[in-house]
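Here's the structure we're looking at; comments come further down.
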Amino acid sequence: MMRICMVLILMIILSSCNNKPEDHLEHINGYWGIEKVEFTKDSVRDFKINEIVDYIEIVDSVGFRIKVKPQFDGTYIPAGDPEDIKVKIVDEKVALYYSTPFNNWKEIIVASKEDELSLKNERGFIYHYKRYKPLKLDLDEKENE
């Protein structure tokens with residue numbers, strides 16, 4: 001009986017670790033603020049404030065990313081041109097191929113969760129993002145009666 005339980009537990013653990021590369025795309029759409037860039041294990045740059053955030057939208061392995069500037073009323077203003085994205089599976093990893101009229105490059109999804117995203121560029125830099133939550137201020141002043 002004990003062996004059966006151990007085998008079942010082992011099977012559950014192994015099956016939960018068997019994520020498909022495509023699972024990385026489940027949470028990628030939306031607004032992302034950069035948290036830090038890891039140049040090497042010993043060289044990291046932290047970002048405390050995000051004046052510009054990335055908006056990513058991918059549907060059926062095709063999409064775009066654009067830099068936007070959050071406004072106090074919860075809206076966004078474009079802060080650059082969109083970058084086209086094509087998604088491909090390369091060596092069991094999800095690769096994002098970007099293209100603009102001026103450049104082409106690739107990033108690999110290192111990790112993705114509902115509120116966290118990590119992308120590794122071709123130079124080996126790892127960009128760590130947090131899901132951006134807009135700061136919404138009520139700018140209407142109420143008059144005292």
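Going through the structure tokens in order, the chains are called A, B, and so on, while each chain numbers its residues from 1 and the ligands are numbered from 1 in the order shown.
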Closest atom pairs, stretch 40-69 of chain A residues within 10 Å of stretch 127-133 of chain A, only C-alpha atoms, as a tab-separated table:
residue	atom	partner	partner_atom	distance
A:Val44	CA	A:Tyr127	CA	9.9
A:Arg45	CA	A:Tyr127	CA	9.8
A:Asp46	CA	A:His128	CA	9.5
A:Phe47	CA	A:Tyr129	CA	9.9
A:Asn50	CA	A:Tyr132	CA	8.7
A:Val53	CA	A:Tyr132	CA	7.5
A:Asp54	CA	A:Tyr132	CA	8.8
A:Tyr55	CA	A:Tyr132	CA	9.4
Residue subset to file, keeping N, CA, C and O atoms, as a short mmCIF file (atom, residue, chain, number, x, y, z; two decimals), in the first residue's frame:
data_model
loop_
_atom_site.label_atom_id
_atom_site.label_comp_id
_atom_site.auth_asym_id
_atom_site.auth_seq_id
_atom_site.Cartn_x
_atom_site.Cartn_y
_atom_site.Cartn_z
N VAL A 44 23.25 43.71 -11.66
CA VAL A 44 21.81 43.86 -11.80
C VAL A 44 21.44 45.33 -11.66
O VAL A 44 21.98 46.03 -10.79
N ARG A 45 20.55 45.80 -12.51
CA ARG A 45 20.04 47.17 -12.39
C ARG A 45 18.56 47.10 -12.03
O ARG A 45 17.77 46.50 -12.75
N ASP A 46 18.21 47.72 -10.91
CA ASP A 46 16.82 47.76 -10.46
C ASP A 46 16.13 49.01 -10.99
O ASP A 46 16.75 50.07 -11.13
N PHE A 47 14.83 48.88 -11.27
CA PHE A 47 14.01 50.00 -11.70
C PHE A 47 12.90 50.17 -10.66
O PHE A 47 12.09 49.27 -10.45
N ASN A 50 8.24 53.08 -13.12
CA ASN A 50 8.06 52.83 -14.55
C ASN A 50 7.29 53.99 -15.18
O ASN A 50 6.07 54.06 -15.07
N VAL A 53 5.85 51.72 -19.90
CA VAL A 53 5.62 50.29 -19.73
C VAL A 53 5.43 49.65 -21.11
O VAL A 53 5.18 50.34 -22.09
N ASP A 54 5.58 48.34 -21.16
CA ASP A 54 5.39 47.60 -22.40
C ASP A 54 3.99 47.00 -22.42
O ASP A 54 3.55 46.41 -21.43
N TYR A 55 3.32 47.15 -23.56
CA TYR A 55 2.05 46.46 -23.76
C TYR A 55 2.31 45.37 -24.78
O TYR A 55 2.82 45.63 -25.88
#
Distance query A:Pro78 at most 10 Å, only C-alpha atoms, self and fewer than 2 positions along chain excluded, as a list of chain:residue names: A:Ile52, A:Val53, A:Asp54, A:Tyr55, A:Ile66, A:Lys67, A:Val68, A:Lys69, A:Pro70, A:Tyr76, A:Gly80, A:Asp81, A:Pro82
Counting only C-alpha atoms, closest pick from A:Leu135, A:Leu119, A:Val59, A:Ala111 relative to A:Glu38 is A:Leu119
Which residues are close to A:Glu107, i.e. within 10 Å by only C-alpha atoms, leaving aside same-chain residues fewer than 2 positions away? Reply as a CSV table (one decimal) with C-alpha atoms, in the first residue's frame.
chain,number,residue,atom,x,y,z
A,87,VAL,CA,6.3,33.2,-31.7
A,94,VAL,CA,9.4,29.9,-26.5
A,95,ALA,CA,11.2,32.4,-28.7
A,96,LEU,CA,9.7,35.9,-29.5
A,97,TYR,CA,11.0,37.2,-32.8
A,98,TYR,CA,10.6,40.9,-33.1
A,105,TRP,CA,15.9,40.5,-32.8
A,109,ILE,CA,10.8,33.5,-22.4
A,110,VAL,CA,12.7,32.4,-19.3
A,118,SER,CA,11.3,37.2,-17.6
A,119,LEU,CA,12.8,37.5,-21.1
A,120,LYS,CA,16.4,36.8,-22.1
A,121,ASN,CA,17.9,38.6,-25.1
A,122,GLU,CA,20.5,37.5,-27.6
A,123,ARG,CA,23.3,39.1,-25.4
A,124,GLY,CA,22.2,37.1,-22.4
A,125,PHE,CA,20.6,39.9,-20.5
A,126,ILE,CA,17.5,38.9,-18.5
A,127,TYR,CA,14.7,41.4,-18.3
Within stretch 15-85 of chain A, find each residue whose DSSP state, derived from the backbone, is strand (DSSP E), and express the selection as an MDAnalysis selection string.
chainID A and resid 30:40 43:46 53:59 62:70 76:78 83:85
re atom CA of A:Phe72 and atom CA of A:Trp32: distance 16.8 Å
